[in-house]
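final33.tsv (TSV, C-alpha atoms and all ligand atoms) appears below.
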chain	number	residue	atom	x	y	z
D	1	MET	CA	0.00	0.00	0.00
D	2	PRO	CA	1.41	3.46	-0.84
D	3	MET	CA	2.49	5.48	2.19
D	4	ASP	CA	2.60	9.27	2.47
D	5	PHE	CA	4.39	9.80	5.76
D	6	VAL	CA	6.58	6.74	6.26
D	7	LYS	CA	9.38	5.57	3.99
D	8	VAL	CA	10.80	2.06	4.24
D	9	THR	CA	14.17	1.03	2.85
D	10	LYS	CA	14.81	-2.69	3.08
D	11	ALA	CA	18.41	-3.88	3.26
D	12	ALA	CA	19.73	-0.46	4.26
D	13	LYS	CA	22.50	-2.71	5.63
D	14	PRO	CA	22.49	-6.52	5.43
D	15	TYR	CA	19.29	-7.75	7.12
D	16	VAL	CA	18.51	-4.20	8.32
D	17	ALA	CA	15.43	-2.16	7.39
D	18	LEU	CA	15.29	1.60	7.75
D	19	VAL	CA	11.96	3.25	8.55
D	20	GLU	CA	11.90	7.02	8.08
D	21	LEU	CA	9.16	9.28	9.42
D	22	ASN	CA	8.48	11.64	6.58
D	23	ARG	CA	6.37	14.67	7.54
D	24	PRO	CA	9.24	17.15	7.66
D	25	LYS	CA	7.26	20.40	7.41
D	26	GLU	CA	5.35	19.46	10.58
D	27	LEU	CA	8.50	18.19	12.35
D	28	ASN	CA	7.14	14.64	11.92
D	29	ALA	CA	4.14	15.37	14.16
D	30	LEU	CA	2.50	12.00	14.64
D	31	ASN	CA	-0.97	12.24	13.15
D	32	SER	CA	-3.13	9.14	12.98
D	33	GLN	CA	-2.30	8.44	9.34
D	34	LEU	CA	1.43	8.48	10.07
D	35	LEU	CA	0.97	6.22	13.10
D	36	HIS	CA	-1.12	3.72	11.14
D	37	GLU	CA	1.41	3.68	8.30
D	38	LEU	CA	4.19	3.18	10.83
D	39	ARG	CA	2.35	0.34	12.56
D	40	ASN	CA	1.63	-1.40	9.23
D	41	ALA	CA	5.22	-0.99	8.04
D	42	MET	CA	6.65	-2.31	11.30
D	43	GLN	CA	4.33	-5.32	11.35
D	44	GLU	CA	5.26	-6.17	7.76
D	45	LEU	CA	8.98	-5.92	8.55
D	46	ASP	CA	8.45	-8.07	11.65
D	47	ARG	CA	7.06	-10.83	9.38
D	48	ASP	CA	9.81	-10.45	6.75
D	49	GLU	CA	12.48	-13.15	7.09
D	50	ALA	CA	14.99	-11.00	5.24
D	51	VAL	CA	14.86	-8.43	8.07
D	52	ARG	CA	16.60	-9.03	11.40
D	53	ALA	CA	16.77	-5.51	12.82
D	54	ILE	CA	14.90	-2.25	12.23
D	55	VAL	CA	16.01	1.37	12.58
D	56	ILE	CA	13.38	4.10	13.00
D	57	THR	CA	14.46	7.64	12.32
D	58	GLY	CA	13.15	11.10	11.46
D	59	ASN	CA	15.40	13.73	9.96
D	60	ALA	CA	18.16	16.01	11.25
D	61	ARG	CA	15.67	18.60	12.60
D	62	ALA	CA	13.21	16.27	14.27
D	63	PHE	CA	12.78	12.65	15.18
D	64	ALA	CA	9.19	13.68	15.97
D	65	ALA	CA	7.81	16.76	17.77
D	66	GLY	CA	4.97	14.79	19.32
D	67	ALA	CA	1.43	13.79	18.58
D	68	ASP	CA	-0.26	16.10	16.09
D	69	ILE	CA	-1.67	18.88	18.27
D	70	LYS	CA	-3.78	20.28	15.45
D	71	GLU	CA	-5.44	16.91	14.89
D	72	MET	CA	-6.06	16.40	18.62
D	73	ALA	CA	-7.10	19.90	19.66
D	74	ASP	CA	-10.87	19.54	19.21
D	75	LYS	CA	-11.25	15.91	20.16
D	76	THR	CA	-13.60	14.88	22.94
D	77	ALA	CA	-12.59	12.53	25.74
D	78	VAL	CA	-14.62	9.74	24.15
D	79	GLU	CA	-12.93	10.29	20.77
D	80	MET	CA	-9.56	10.19	22.52
D	81	MET	CA	-10.46	6.82	24.07
D	82	THR	CA	-11.24	5.45	20.62
D	83	TYR	CA	-8.13	7.12	19.17
D	84	LYS	CA	-6.00	5.41	21.81
D	85	GLN	CA	-7.84	2.15	21.49
D	86	SER	CA	-6.84	1.95	17.86
D	87	GLY	CA	-4.04	0.09	19.58
D	88	VAL	CA	-1.19	1.48	17.50
D	89	TRP	CA	1.12	2.10	20.45
D	90	GLY	CA	0.51	-1.37	21.88
D	91	ASP	CA	1.12	-2.92	18.46
D	92	LEU	CA	4.42	-1.07	18.10
D	93	LYS	CA	5.56	-2.46	21.43
D	94	LYS	CA	4.73	-6.00	20.24
D	95	ILE	CA	7.33	-5.93	17.45
D	96	ALA	CA	9.51	-8.95	18.19
D	97	LYS	CA	12.57	-7.88	16.20
D	98	PRO	CA	15.10	-5.47	17.66
D	99	VAL	CA	14.29	-1.82	16.96
D	100	VAL	CA	16.82	1.02	17.19
D	101	ALA	CA	15.67	4.65	17.33
D	102	ALA	CA	18.07	7.03	15.57
D	103	VAL	CA	17.23	10.39	17.13
D	104	SER	CA	18.25	13.82	15.96
D	105	GLY	CA	16.66	17.20	16.68
D	106	PHE	CA	13.36	17.35	18.54
D	107	CYS	CA	12.19	14.17	20.22
D	108	LEU	CA	9.16	15.41	22.12
D	109	GLY	CA	5.89	14.17	23.55
D	110	GLY	CA	4.65	11.26	21.46
D	111	GLY	CA	8.01	11.39	19.62
D	112	CYS	CA	9.85	10.66	22.85
D	113	GLU	CA	7.26	8.01	23.65
D	114	LEU	CA	7.83	6.45	20.24
D	115	ALA	CA	11.59	6.39	20.83
D	116	MET	CA	10.92	4.72	24.18
D	117	THR	CA	8.90	1.92	22.54
D	118	CYS	CA	12.12	1.10	20.66
D	119	ASP	CA	14.72	-1.16	22.26
D	120	ILE	CA	17.74	1.13	21.98
D	121	ILE	CA	18.01	4.88	21.43
D	122	VAL	CA	21.02	6.34	19.62
D	123	ALA	CA	21.03	10.12	19.89
D	124	ALA	CA	22.78	12.86	17.98
D	125	GLU	CA	24.61	15.08	20.46
D	126	SER	CA	22.33	18.08	19.86
D	127	ALA	CA	19.08	16.07	20.11
D	128	GLN	CA	16.50	17.48	22.50
D	129	PHE	CA	14.09	15.27	24.40
D	130	GLY	CA	11.02	16.23	26.37
D	131	GLN	CA	7.53	15.39	27.53
D	132	PRO	CA	6.03	18.89	27.24
D	133	GLU	CA	2.37	17.74	27.27
D	134	ILE	CA	1.71	19.46	30.62
D	135	LYS	CA	2.03	22.82	28.85
D	136	LEU	CA	-0.91	21.81	26.65
D	137	GLY	CA	-3.11	20.84	29.58
D	138	ILE	CA	-2.64	17.11	29.04
D	139	LEU	CA	-0.16	14.43	30.12
D	140	PRO	CA	2.06	12.03	28.20
D	141	GLY	CA	-0.63	9.55	27.18
D	142	ALA	CA	1.24	7.16	24.92
D	143	GLY	CA	3.32	5.47	27.57
D	144	GLY	CA	5.43	8.40	28.75
D	145	THR	CA	4.42	8.44	32.40
D	146	GLN	CA	5.36	4.77	32.66
D	147	ARG	CA	8.31	4.31	30.30
D	148	LEU	CA	10.11	7.53	31.20
D	149	THR	CA	9.72	6.66	34.89
D	150	HIS	CA	11.11	3.16	34.29
D	151	ALA	CA	14.02	4.65	32.35
D	152	VAL	CA	15.04	7.61	34.52
D	153	GLY	CA	13.42	7.00	37.92
D	154	LYS	CA	10.50	8.67	39.69
D	155	ALA	CA	12.14	11.92	40.82
D	156	ARG	CA	13.49	12.83	37.40
D	157	ALA	CA	10.33	11.68	35.61
D	158	MET	CA	8.25	13.90	37.89
D	159	ASP	CA	10.62	16.82	37.33
D	160	LEU	CA	10.47	16.39	33.54
D	161	ILE	CA	6.77	15.60	33.19
D	162	LEU	CA	5.48	18.21	35.64
D	163	THR	CA	7.59	21.03	34.19
D	164	GLY	CA	7.58	19.87	30.57
D	165	ARG	CA	11.17	21.06	30.22
D	166	PHE	CA	13.33	19.77	27.40
D	167	PHE	CA	16.41	17.71	28.27
D	168	SER	CA	19.59	17.18	26.35
D	169	ALA	CA	21.03	14.04	24.79
D	170	ALA	CA	23.78	14.18	27.44
D	171	GLU	CA	21.19	14.17	30.24
D	172	ALA	CA	19.24	11.39	28.52
D	173	GLU	CA	22.39	9.31	28.25
D	174	ARG	CA	23.43	9.98	31.83
D	175	TRP	CA	20.00	8.91	33.09
D	176	GLY	CA	19.86	5.71	31.03
D	177	LEU	CA	17.23	6.66	28.46
D	178	VAL	CA	19.75	6.79	25.63
D	179	SER	CA	22.44	4.18	25.15
D	180	ARG	CA	24.81	6.12	22.88
D	181	ILE	CA	25.44	9.76	21.98
D	182	VAL	CA	27.12	10.24	18.64
D	183	PRO	CA	28.16	13.23	16.50
D	184	ASP	CA	25.27	15.00	14.77
D	185	ASP	CA	26.45	14.17	11.27
D	186	THR	CA	26.80	10.42	11.89
D	187	TYR	CA	23.80	9.58	14.07
D	188	LEU	CA	22.01	7.59	11.36
D	189	ALA	CA	25.13	5.79	10.17
D	190	GLU	CA	25.93	4.85	13.78
D	191	ALA	CA	22.40	3.57	14.39
D	192	LEU	CA	22.49	1.55	11.16
D	193	HIS	CA	25.86	0.14	12.12
D	194	LEU	CA	24.51	-0.86	15.54
D	195	ALA	CA	21.49	-2.52	13.90
D	196	GLU	CA	23.80	-4.30	11.46
D	197	THR	CA	25.86	-5.66	14.36
D	198	ILE	CA	22.70	-6.98	16.02
D	199	ALA	CA	21.46	-8.39	12.69
D	200	GLN	CA	24.61	-10.49	12.47
D	201	MET	CA	23.71	-12.23	15.73
D	202	PRO	CA	21.58	-15.40	15.75
D	203	PRO	CA	18.01	-14.07	15.26
D	204	VAL	CA	16.19	-16.49	17.57
D	205	ALA	CA	18.60	-15.68	20.40
D	206	VAL	CA	18.14	-11.96	19.72
D	207	ARG	CA	14.37	-12.34	19.81
D	208	LEU	CA	14.36	-14.28	23.08
D	209	ALA	CA	16.94	-11.97	24.67
D	210	LYS	CA	14.73	-8.99	23.80
D	211	GLU	CA	11.70	-10.75	25.25
D	212	SER	CA	13.63	-11.60	28.42
D	213	VAL	CA	14.92	-8.05	28.97
D	214	ASN	CA	11.46	-6.60	28.39
D	215	ALA	CA	10.06	-9.03	30.97
D	216	ALA	CA	12.14	-7.20	33.59
D	217	PHE	CA	9.65	-4.32	33.24
D	218	GLU	CA	6.53	-6.45	33.31
D	219	LEU	CA	7.12	-9.36	35.68
D	220	PRO	CA	8.10	-9.82	39.32
D	221	LEU	CA	11.76	-10.91	39.65
D	222	THR	CA	11.07	-14.60	40.31
D	223	GLU	CA	8.82	-14.89	37.23
D	224	GLY	CA	11.26	-12.90	35.12
D	225	LEU	CA	14.07	-15.24	36.16
D	226	GLN	CA	11.89	-18.26	35.32
D	227	LEU	CA	11.22	-16.85	31.84
D	228	GLU	CA	14.94	-16.21	31.40
D	229	THR	CA	15.78	-19.81	32.40
D	230	LYS	CA	13.21	-21.21	29.95
D	231	ASN	CA	14.32	-18.97	27.10
D	232	ALA	CA	17.98	-19.79	27.76
D	233	ALA	CA	17.18	-23.53	27.68
D	234	LEU	CA	14.99	-23.16	24.58
D	235	LEU	CA	17.93	-21.77	22.63
D	236	PHE	CA	19.67	-25.12	23.02
D	237	SER	CA	17.07	-26.48	20.57
D	238	THR	CA	18.30	-24.14	17.81
D	239	GLU	CA	20.76	-24.91	15.02
D	240	ASP	CA	22.35	-21.52	15.69
D	241	GLN	CA	23.32	-22.47	19.26
D	242	LYS	CA	25.02	-25.65	17.98
D	243	GLU	CA	26.71	-23.66	15.21
D	244	GLY	CA	27.74	-20.79	17.52
D	245	MET	CA	29.43	-23.07	20.04
D	246	LYS	CA	30.96	-25.36	17.37
D	247	ALA	CA	32.39	-22.32	15.58
D	248	PHE	CA	33.92	-21.09	18.84
D	249	VAL	CA	35.60	-24.46	19.45
D	250	GLU	CA	36.81	-24.64	15.82
D	251	LYS	CA	38.06	-21.04	16.00
D	252	ARG	CA	36.04	-19.85	12.99
D	253	LYS	CA	33.23	-17.33	12.35
D	254	ALA	CA	29.77	-18.76	12.97
D	255	ASN	CA	27.26	-18.90	10.14
D	256	PHE	CA	23.85	-18.27	11.69
D	257	VAL	CA	20.75	-19.36	9.77
D	258	GLY	CA	17.99	-18.20	12.10
D	259	LYS	CA	16.81	-21.68	13.07
B	301	LIG	N1	1.70	18.93	16.26
B	301	LIG	C1	1.33	19.60	15.15
B	301	LIG	N2	2.14	20.44	14.48
B	301	LIG	C2	3.38	20.62	14.97
B	301	LIG	C3	3.82	19.96	16.14
B	301	LIG	C4	2.92	19.09	16.78
B	301	LIG	N3	3.27	18.37	17.87
B	301	LIG	N4	5.11	20.36	16.39
B	301	LIG	C5	5.43	21.22	15.42
B	301	LIG	N5	4.40	21.38	14.55
B	301	LIG	C6	4.34	22.23	13.36
B	301	LIG	C7	4.19	23.69	13.73
B	301	LIG	O1	2.84	24.01	13.99
B	301	LIG	C8	4.74	24.37	12.50
B	301	LIG	O2	3.73	24.31	11.50
B	301	LIG	P1	3.36	25.67	10.66
B	301	LIG	O3	4.63	26.00	9.92
B	301	LIG	O4	2.24	25.21	9.77
B	301	LIG	O5	3.01	26.69	11.66
B	301	LIG	C9	5.86	23.42	12.05
B	301	LIG	O6	5.59	22.16	12.67
B	301	LIG	C10	7.23	23.88	12.49
B	301	LIG	O7	7.18	24.10	13.89
B	301	LIG	P2	7.61	25.51	14.59
B	301	LIG	O8	7.39	26.62	13.65
B	301	LIG	O9	6.90	25.56	15.90
B	301	LIG	O10	9.17	25.25	14.80
B	301	LIG	P3	10.10	25.86	15.94
B	301	LIG	O11	11.51	25.50	15.56
B	301	LIG	O12	9.79	27.30	16.18
B	301	LIG	O13	9.70	25.07	17.27
B	301	LIG	C11	9.19	23.09	18.57
B	301	LIG	C12	9.93	23.69	17.34
B	301	LIG	C13	9.82	23.64	19.85
B	301	LIG	C14	9.36	21.58	18.51
B	301	LIG	C15	7.70	23.50	18.51
B	301	LIG	O14	7.19	23.18	17.22
B	301	LIG	C16	6.84	22.79	19.51
B	301	LIG	O15	6.85	23.14	20.68
B	301	LIG	N6	6.09	21.74	19.07
B	301	LIG	C17	5.15	21.05	19.92
B	301	LIG	C18	5.86	20.10	20.90
B	301	LIG	C19	4.84	19.45	21.80
B	301	LIG	O16	4.16	20.07	22.59
B	301	LIG	N7	4.72	18.09	21.67
B	301	LIG	C20	3.77	17.31	22.44
B	301	LIG	C21	2.53	17.09	21.63
B	301	LIG	S1	1.21	16.32	22.54
B	301	LIG	C22	1.61	14.68	22.60
B	301	LIG	O17	2.61	14.24	22.06
B	301	LIG	C23	0.61	13.81	23.32
B	301	LIG	C24	1.06	12.40	23.57
B	301	LIG	O18	1.50	12.08	24.64
B	301	LIG	C25	0.91	11.36	22.55
Represent the structure of the file as C-alpha cells.
Ligand code: CAA
Amino acid sequence: MPMDFVKVTKAAKPYVALVELNRPKELNALNSQLLHELRNAMQELDRDEAVRAIVITGNARAFAAGADIKEMADKTAVEMMTYKQSGVWGDLKKIAKPVVAAVSGFCLGGGCELAMTCDIIVAAESAQFGQPEIKLGILPGAGGTQRLTHAVGKARAMDLILTGRFFSAAEAERWGLVSRIVPDDTYLAEALHLAETIAQMPPVAVRLAKESVNAAFELPLTEGLQLETKNAALLFSTEDQKEGMKAFVEKRKANFVGK
C-alpha cells in the first residue's frame, strides 16, 4: 500500500530495514495516518524473514515533535479513548525484532514516547528530548508516564513531566534513556551500524533476549528469572546455538541461519 508519511528502505545494511518518518514540514508530528502507516510498516517488517533488525528515524531537525496537536485539539474525551484504542502504540511495542531509534533534533511528547517503545536509542549530540504535554493541559498519554519513569526513575520523571522542560542528549544518556550519543552528522550511520551488528547475531537468540529483557519491566523478579531460564534452555534447541558453540571451538566465524 502506498504510504505518504513513512518511507521504508529494506536492506539499508544486510538484514537491516530503515523506517523514516516523513512529515518534515510538521517536524514529523504524529498524526493518525502516520501512526497507522508506521504500525503497518513495522508489522510487515516483523514478518519479513529478510529483516533481522529495524532502525526508526526522522530527519536532522526532528525525530518527531509529538502527537499532532492540530489533529487532537478539538477531540472529545470519548474520541480520545477510541483514538487510543486503535491500539497502535501497543502494536508497536509488540514488534519482536530489535528496533533502534536514531534520534536527531526534537524528540518530544509522542516522539519521545515512540523512541521509548524502541529497544535502543542512539542520539545525535544536539538532540532534544522532552515530555512537554503538561504545557498543553494534558499528560504524556502514549506510555510516557510509565516508560520515562522506568528509564530515569521517579524523581526525574516527575521533574520532567510536571515542568515539561526539554532535556539534552547528554542528560538522557546519563540517566539511562539513551544508550549512545554520537556526532550530529553520523547519528544515522551509527544507528544503522549498531542494527547491522545486532542483525549479524543469531536471530532467535536476539528475539528471546529482547523478550527476556522486556520481561524485567513487566514481571516480578522470580517470574522474570523463570522466563529467562526457559528462554535460555529453549535456545539449546536451535541450530544456531550448535553452530555458535561449534564455531567457537573450531576457531572460525559462525554462520547463523535463524533456526
Ligand atoms: N503537532 C502539530 N504540528 C506541529 C507539532 C505538533 N506536535 N510540532 C510542530 N508542529 C508544526 C508547527 O505548527 C509548524 O507548522 P506551521 O509551519 O504550519 O506553523 C511546524 O511544525 C514547524 O514548527 P515551529 O514553527 O513551531 O518550529 P520551531 O523551531 O519554532 O519550534 C518546537 C519547534 C519547539 C518543537 C515546537 O514546534 C513545539 O513546541 N512543538 C510542539 C511540541 C509538543 O508540545 N509536543 C507534544 C505534543 S502532545 C503529545 O505528544 C501527546 C502524547 O502524549 C501522545
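Taking only C-alpha atoms into account, Leu194 in chain D lies nearest to D:Val100 out of the set D:Ile95, D:Ala254, D:Cys107, D:Val100.
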* To do: Return as a ChimeraX atom specification the residues of protein, DNA or RNA that approach ligand LIG 301 (chain B) to within 9 Å, with only C-alpha atoms and all ligand atoms taken into account.
  => /D:24-31,61-62,64-72,105-114,130-136,138-144,164
* To do: Name the residues in contact with Leu35 in chain D at a cut-off of 9 Å, using only C-alpha atoms, excluding same-chain residues fewer than 2 positions from it; report them as a ChimeraX atom specification.
  => /D:5-6,30-33,37-40,88-89
Serialized selection, C-alpha atoms, as an mmCIF file, in the coordinates of the input:
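Written out: again_3.cif:
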data_model
loop_
_atom_site.group_PDB
_atom_site.id
_atom_site.type_symbol
_atom_site.label_atom_id
_atom_site.label_comp_id
_atom_site.auth_asym_id
_atom_site.auth_seq_id
_atom_site.Cartn_x
_atom_site.Cartn_y
_atom_site.Cartn_z
ATOM 1 C CA PHE D 5 4.390 9.800 5.760
ATOM 2 C CA VAL D 6 6.580 6.740 6.260
ATOM 3 C CA LEU D 30 2.500 12.000 14.640
ATOM 4 C CA ASN D 31 -0.970 12.240 13.150
ATOM 5 C CA SER D 32 -3.130 9.140 12.980
ATOM 6 C CA GLN D 33 -2.300 8.440 9.340
ATOM 7 C CA GLU D 37 1.410 3.680 8.300
ATOM 8 C CA LEU D 38 4.190 3.180 10.830
ATOM 9 C CA ARG D 39 2.350 0.340 12.560
ATOM 10 C CA ASN D 40 1.630 -1.400 9.230
ATOM 11 C CA VAL D 88 -1.190 1.480 17.500
ATOM 12 C CA TRP D 89 1.120 2.100 20.450
#
* **Nearest residue to Ile120 in chain D from the set D:Ala195, D:Val152, D:Leu21, D:Ala170 (distances using only C-alpha atoms)** =>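 Result for the nearest residue to Ile120 in chain D: D:Ala195.
Coordinates place CA of Arg207 in chain D at a distance of 23.9 Å from CA of His36 in chain D.
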* To do: For CA of Ala155 in chain D and CA of Gly58 in chain D, determine how far apart the two atoms are, in Å to one decimal place.
  =>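 About the pair CA of Ala155 in chain D and CA of Gly58 in chain D: they are 29.4 Å apart.
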* To do: Tell me which protein, DNA and RNA residues are within 10 Å of Ala17 in chain D, counting only C-alpha atoms, leaving out same-chain ones fewer than 2 positions away, and put them as a list in words.
  =>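 Contacts, in chain order: Val8, Thr9, Lys10, Ala11, Ala12, Lys13, Pro14, Tyr15, Val19, Glu20, Met42, Leu45, Ala50, Val51, Arg52, Ala53, Ile54, Val55, Ile56, Val99, Leu192, Ala195 and Glu196 of chain D.
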* Asked: Could you state the separation of CA of Arg23 in chain D and CA of Asp4 in chain D in Å, given to one decimal place?
  ->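 It comes out at 8.3 Å.
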